[in-house]
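Asks: Okay, so here is run29.pdb, and as you'll see once you scroll down, it has PDB, C-alpha atoms, pLDDT in the B column.
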```pdb
ATOM      1  CA  MET A   1     133.932  97.454 110.776  1.00 47.00           C
ATOM      2  CA  ASP A   2     131.764  95.748 113.296  1.00 50.00           C
ATOM      3  CA  TYR A   3     132.083  91.997 112.719  1.00 58.00           C
ATOM      4  CA  VAL A   4     128.557  91.220 113.927  1.00 60.00           C
ATOM      5  CA  ASP A   5     126.277  89.738 111.256  1.00 63.00           C
ATOM      6  CA  ASP A   6     123.356  92.144 111.589  1.00 62.00           C
ATOM      7  CA  GLY A   7     121.632  95.097 109.943  1.00 60.00           C
ATOM      8  CA  CYS A   8     123.966  97.570 111.679  1.00 59.00           C
ATOM      9  CA  MET A   9     127.083  96.347 109.896  1.00 61.00           C
ATOM     10  CA  HIS A  10     127.902  99.744 108.431  1.00 64.00           C
ATOM     11  CA  MET A  11     129.761 101.658 111.115  1.00 72.00           C
ATOM     12  CA  PHE A  12     133.505 102.314 111.131  1.00 77.00           C
ATOM     13  CA  THR A  13     135.490 103.092 114.267  1.00 81.00           C
ATOM     14  CA  PRO A  14     137.248 106.492 114.343  1.00 85.00           C
ATOM     15  CA  GLY A  15     140.577 104.696 113.909  1.00 87.00           C
ATOM     16  CA  GLN A  16     139.336 102.811 110.861  1.00 87.00           C
ATOM     17  CA  VAL A  17     138.106 106.085 109.331  1.00 86.00           C
ATOM     18  CA  THR A  18     141.535 107.649 109.843  1.00 90.00           C
ATOM     19  CA  VAL A  19     143.343 104.693 108.249  1.00 91.00           C
ATOM     20  CA  MET A  20     140.926 104.604 105.295  1.00 88.00           C
ATOM     21  CA  ARG A  21     141.236 108.343 104.642  1.00 88.00           C
ATOM     22  CA  ASN A  22     145.039 108.218 104.881  1.00 89.00           C
ATOM     23  CA  ILE A  23     145.234 105.377 102.367  1.00 89.00           C
ATOM     24  CA  LEU A  24     142.796 107.093  99.970  1.00 88.00           C
ATOM     25  CA  SER A  25     144.782 110.318 100.096  1.00 88.00           C
ATOM     26  CA  THR A  26     148.190 108.674  99.538  1.00 90.00           C
ATOM     27  CA  THR A  27     148.823 105.199  98.109  1.00 89.00           C
ATOM     28  CA  ARG A  28     145.316 104.708  96.622  1.00 87.00           C
ATOM     29  CA  ALA A  29     144.556 108.323  95.608  1.00 86.00           C
ATOM     30  CA  SER A  30     143.767 107.212  92.043  1.00 86.00           C
ATOM     31  CA  ILE A  31     140.577 105.552  93.297  1.00 84.00           C
ATOM     32  CA  LEU A  32     139.076 108.990  93.958  1.00 81.00           C
ATOM     33  CA  THR A  33     139.347 109.996  90.286  1.00 82.00           C
ATOM     34  CA  SER A  34     138.935 106.585  88.676  1.00 82.00           C
ATOM     35  CA  THR A  35     136.298 106.107  85.969  1.00 78.00           C
ATOM     36  CA  GLY A  36     136.338 102.319  86.393  1.00 76.00           C
ATOM     37  CA  CYS A  37     132.799 102.209  87.744  1.00 72.00           C
ATOM     38  CA  SER A  38     131.243 104.717  85.370  1.00 72.00           C
ATOM     39  CA  GLY A  39     129.054 103.379  82.644  1.00 65.00           C
ATOM     40  CA  THR A  40     127.870  99.861  82.020  1.00 60.00           C
ATOM     41  CA  VAL A  41     127.930  97.597  79.024  1.00 60.00           C
ATOM     42  CA  GLY A  42     124.844  95.608  78.051  1.00 62.00           C
ATOM     43  CA  VAL A  43     122.804  96.621  81.082  1.00 61.00           C
ATOM     44  CA  SER A  44     119.852  98.953  80.862  1.00 63.00           C
ATOM     45  CA  GLU A  45     118.934 101.197  83.762  1.00 62.00           C
ATOM     46  CA  ARG A  46     115.538 100.721  85.396  1.00 61.00           C
ATOM     47  CA  SER A  47     113.783 103.277  87.470  1.00 61.00           C
ATOM     48  CA  VAL A  48     112.715 101.699  90.729  1.00 65.00           C
ATOM     49  CA  GLU A  49     110.057 103.682  92.484  1.00 79.00           C
ATOM     50  CA  SER A  50     108.924 101.544  95.371  1.00 80.00           C
ATOM     51  CA  SER A  51     107.850 102.561  98.830  1.00 84.00           C
ATOM     52  CA  VAL A  52     107.081 100.680 102.006  1.00 84.00           C
ATOM     53  CA  ASP A  53     105.644 102.375 105.085  1.00 88.00           C
ATOM     54  CA  LEU A  54     105.350 100.616 108.437  1.00 88.00           C
ATOM     55  CA  TYR A  55     103.373 102.352 111.192  1.00 91.00           C
ATOM     56  CA  PRO A  56     102.784 103.124 114.027  1.00 91.00           C
ATOM     57  CA  ASN A  57     106.241 103.014 115.502  1.00 86.00           C
ATOM     58  CA  PRO A  58     106.502 102.144 118.335  1.00 86.00           C
ATOM     59  CA  ALA A  59     103.577  99.713 118.471  1.00 87.00           C
ATOM     60  CA  ASN A  60     102.270  97.143 120.956  1.00 86.00           C
ATOM     61  CA  ASP A  61      99.522  95.116 119.264  1.00 90.00           C
ATOM     62  CA  ALA A  62      99.543  95.680 115.526  1.00 91.00           C
ATOM     63  CA  VAL A  63     101.385  97.507 112.784  1.00 90.00           C
ATOM     64  CA  TYR A  64     100.284  98.391 109.283  1.00 91.00           C
ATOM     65  CA  ILE A  65     102.403  97.933 106.213  1.00 89.00           C
ATOM     66  CA  GLU A  66     101.433 100.047 103.229  1.00 90.00           C
ATOM     67  CA  TYR A  67     103.360  99.384 100.030  1.00 86.00           C
ATOM     68  CA  HIS A  68     103.677 100.408  96.411  1.00 86.00           C
ATOM     69  CA  LEU A  69     106.170  98.172  94.622  1.00 82.00           C
ATOM     70  CA  SER A  70     107.543  98.701  91.131  1.00 78.00           C
ATOM     71  CA  PHE A  71     107.696  94.940  90.566  1.00 72.00           C
ATOM     72  CA  PRO A  72     104.749  92.529  90.581  1.00 65.00           C
ATOM     73  CA  ALA A  73     106.539  89.542  92.111  1.00 64.00           C
ATOM     74  CA  LEU A  74     105.611  87.974  95.427  1.00 68.00           C
ATOM     75  CA  SER A  75     107.558  89.552  98.290  1.00 78.00           C
ATOM     76  CA  ASN A  76     108.169  88.301 101.804  1.00 84.00           C
ATOM     77  CA  VAL A  77     108.211  90.848 104.624  1.00 85.00           C
ATOM     78  CA  ALA A  78     109.416  90.311 108.189  1.00 87.00           C
ATOM     79  CA  VAL A  79     109.168  92.730 111.117  1.00 87.00           C
ATOM     80  CA  TYR A  80     111.751  92.592 113.906  1.00 87.00           C
ATOM     81  CA  ASP A  81     111.795  94.220 117.343  1.00 84.00           C
ATOM     82  CA  MET A  82     114.677  96.297 118.705  1.00 83.00           C
ATOM     83  CA  LEU A  83     116.406  93.143 119.976  1.00 86.00           C
ATOM     84  CA  GLY A  84     116.323  91.433 116.569  1.00 88.00           C
ATOM     85  CA  LYS A  85     113.473  89.035 117.393  1.00 89.00           C
ATOM     86  CA  LYS A  86     111.071  88.396 114.517  1.00 89.00           C
ATOM     87  CA  VAL A  87     107.614  89.525 115.652  1.00 88.00           C
ATOM     88  CA  ALA A  88     105.639  89.213 112.404  1.00 89.00           C
ATOM     89  CA  ALA A  89     105.946  88.015 108.823  1.00 89.00           C
ATOM     90  CA  THR A  90     103.724  88.115 105.768  1.00 88.00           C
ATOM     91  CA  GLU A  91     103.698  87.769 102.004  1.00 87.00           C
ATOM     92  CA  LEU A  92     102.741  90.629  99.709  1.00 83.00           C
ATOM     93  CA  HIS A  93     100.706  89.173  96.858  1.00 81.00           C
ATOM     94  CA  SER A  94     100.204  92.341  94.857  1.00 83.00           C
ATOM     95  CA  SER A  95     102.277  95.361  93.931  1.00 83.00           C
ATOM     96  CA  THR A  96     100.122  97.797  95.927  1.00 86.00           C
ATOM     97  CA  GLY A  97      98.265  97.352  99.161  1.00 87.00           C
ATOM     98  CA  LYS A  98      97.922  97.740 102.904  1.00 91.00           C
ATOM     99  CA  GLN A  99      98.047  94.951 105.484  1.00 89.00           C
ATOM    100  CA  GLN A 100      97.695  94.783 109.243  1.00 92.00           C
ATOM    101  CA  LEU A 101     100.258  92.645 111.044  1.00 90.00           C
ATOM    102  CA  ASN A 102      99.550  91.347 114.550  1.00 90.00           C
ATOM    103  CA  ILE A 103     102.652  91.758 116.729  1.00 87.00           C
ATOM    104  CA  ALA A 104     101.102  90.990 120.138  1.00 84.00           C
ATOM    105  CA  ASP A 105     102.864  88.275 122.134  1.00 70.00           C
TER     106      ASP A 105
END
```
In structure tokens, how does this file's structure come out?
Replies:
Amino acid sequence: MDYVDDGCMHMFTPGQVTVMRNILSTTRASILTSTGCSGTVGVSERSVESSVDLYPNPANDAVYIEYHLSFPALSNVAVYDMLGKKVAATELHSSTGKQQLNIAD
């Protein structure tokens, strides 16, 4: 895996994929048929139907965030540019709404 602490920490190199697949097909093959993660005890499932739309993309001056959250709690939102620099931040005070965020320098 990439050892950088960022949002893209999900890619494997081709060599890592080969090693992982070899191990899963030989010495750890039982993981593929294990039922160890099926079912839970004492936990009820909740349906989470939330959506967040951010547009336009790309943008120069302002973006809009339109949201429908399945939970009423206060949420913090941050918008980052392609280089990882935070360009805007806001708090969502309701479970549904639309806000304009100024991203101009």
Asks: Report the distance between CA of Asn76 in chain A and CA of Thr96 in chain A in Å, rounded to one decimal place.
Replies: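 Distance between the two atoms: 13.8 Å.
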Asks: Identify which of the residues A:Met20, A:Leu32, A:Leu92, A:Val79 lies closest to Val63 in chain A, counting all atoms listed in the file when measuring atom-to-atom distances.
Replies: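 With all atoms listed in the file as the atom set, the closest residue is A:Val79.
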Asks: To one decimal in Å, tell me the separation between CA of Val52 in chain A and CA of Met11 in chain A.
Replies: 24.5 Å
Asks: Could you jot down the CA of Asn57 in chain A to CA of Phe12 in chain A separation for me, Å, one decimal place?
Replies: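 Calculated distance between CA of Asn57 in chain A and CA of Phe12 in chain A is 27.6 Å.
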Asks: Could you state which residues are captured by the PyMOL selection byres ((chain A and resi 66) around 8) in this file, as a PyMOL selection string?
Replies: chain A and resi 52-54+64-65+67-68+96-99
Asks: Neighbours of Lys85 in chain A within 12 Å (all atoms listed in the file; same-chain residues fewer than 4 positions away dropped), as a VMD selection string?
Replies: chain A and resid 6 78 to 81 89 103 105
Asks: Write out as a PyMOL selection string which residues come within 8 Å of Ser75 in chain A when counting all atoms listed in the file, dropping same-chain ones fewer than 2 positions away.
Replies: chain A and resi 73+77+91-93
Asks: Taking only C-alpha atoms into account, name the residue in A:Ala29, A:Met82, A:Leu69, A:Ala62 that is nearest to Ser94 in chain A.
Replies: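 Counting only C-alpha atoms, the residue closest to Ser94 in chain A is A:Leu69.
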Asks: Rebuild range 45-64 of chain A to N, CA and C atoms - output it as a compact mmCIF listing (two decimals), in the frame of the given file, please.
Replies:
```txt
# COMPACT_ATOMS: atom_id res chain seq x y z
N GLU A 45 119.35 100.66 82.48
CA GLU A 45 118.93 101.20 83.76
C GLU A 45 117.42 101.11 83.90
N ARG A 46 116.97 100.76 85.11
CA ARG A 46 115.54 100.72 85.40
C ARG A 46 115.25 101.67 86.53
N SER A 47 114.20 102.40 86.40
CA SER A 47 113.78 103.28 87.47
C SER A 47 112.97 102.46 88.47
N VAL A 48 113.42 102.45 89.70
CA VAL A 48 112.72 101.70 90.73
C VAL A 48 112.07 102.70 91.67
N GLU A 49 110.78 102.76 91.63
CA GLU A 49 110.06 103.68 92.48
C GLU A 49 109.13 102.87 93.37
N SER A 50 109.68 102.33 94.42
CA SER A 50 108.92 101.54 95.37
C SER A 50 108.92 102.26 96.71
N SER A 51 107.88 102.02 97.48
CA SER A 51 107.85 102.56 98.83
C SER A 51 107.17 101.57 99.75
N VAL A 52 107.67 101.52 100.97
CA VAL A 52 107.08 100.68 102.01
C VAL A 52 107.02 101.52 103.27
N ASP A 53 105.83 101.64 103.83
CA ASP A 53 105.64 102.38 105.08
C ASP A 53 105.15 101.41 106.13
N LEU A 54 105.74 101.46 107.31
CA LEU A 54 105.35 100.62 108.44
C LEU A 54 105.02 101.54 109.60
N TYR A 55 103.79 101.46 110.11
CA TYR A 55 103.37 102.35 111.19
C TYR A 55 102.30 101.68 112.02
N PRO A 56 102.05 102.11 113.26
CA PRO A 56 102.78 103.12 114.03
C PRO A 56 104.08 102.55 114.56
N ASN A 57 104.97 103.41 114.93
CA ASN A 57 106.24 103.01 115.50
C ASN A 57 106.57 103.97 116.63
N PRO A 58 106.61 103.52 117.86
CA PRO A 58 106.50 102.14 118.34
C PRO A 58 105.06 101.65 118.34
N ALA A 59 104.90 100.33 118.45
CA ALA A 59 103.58 99.71 118.47
C ALA A 59 103.57 98.56 119.47
N ASN A 60 102.39 98.23 119.99
CA ASN A 60 102.27 97.14 120.96
C ASN A 60 101.50 95.95 120.41
N ASP A 61 100.41 96.20 119.69
CA ASP A 61 99.52 95.12 119.26
C ASP A 61 99.58 94.82 117.77
N ALA A 62 99.59 95.87 116.97
CA ALA A 62 99.54 95.68 115.53
C ALA A 62 100.27 96.82 114.82
N VAL A 63 100.80 96.50 113.66
CA VAL A 63 101.38 97.51 112.78
C VAL A 63 100.75 97.36 111.41
N TYR A 64 100.80 98.41 110.65
CA TYR A 64 100.28 98.39 109.28
C TYR A 64 101.46 98.55 108.33
```
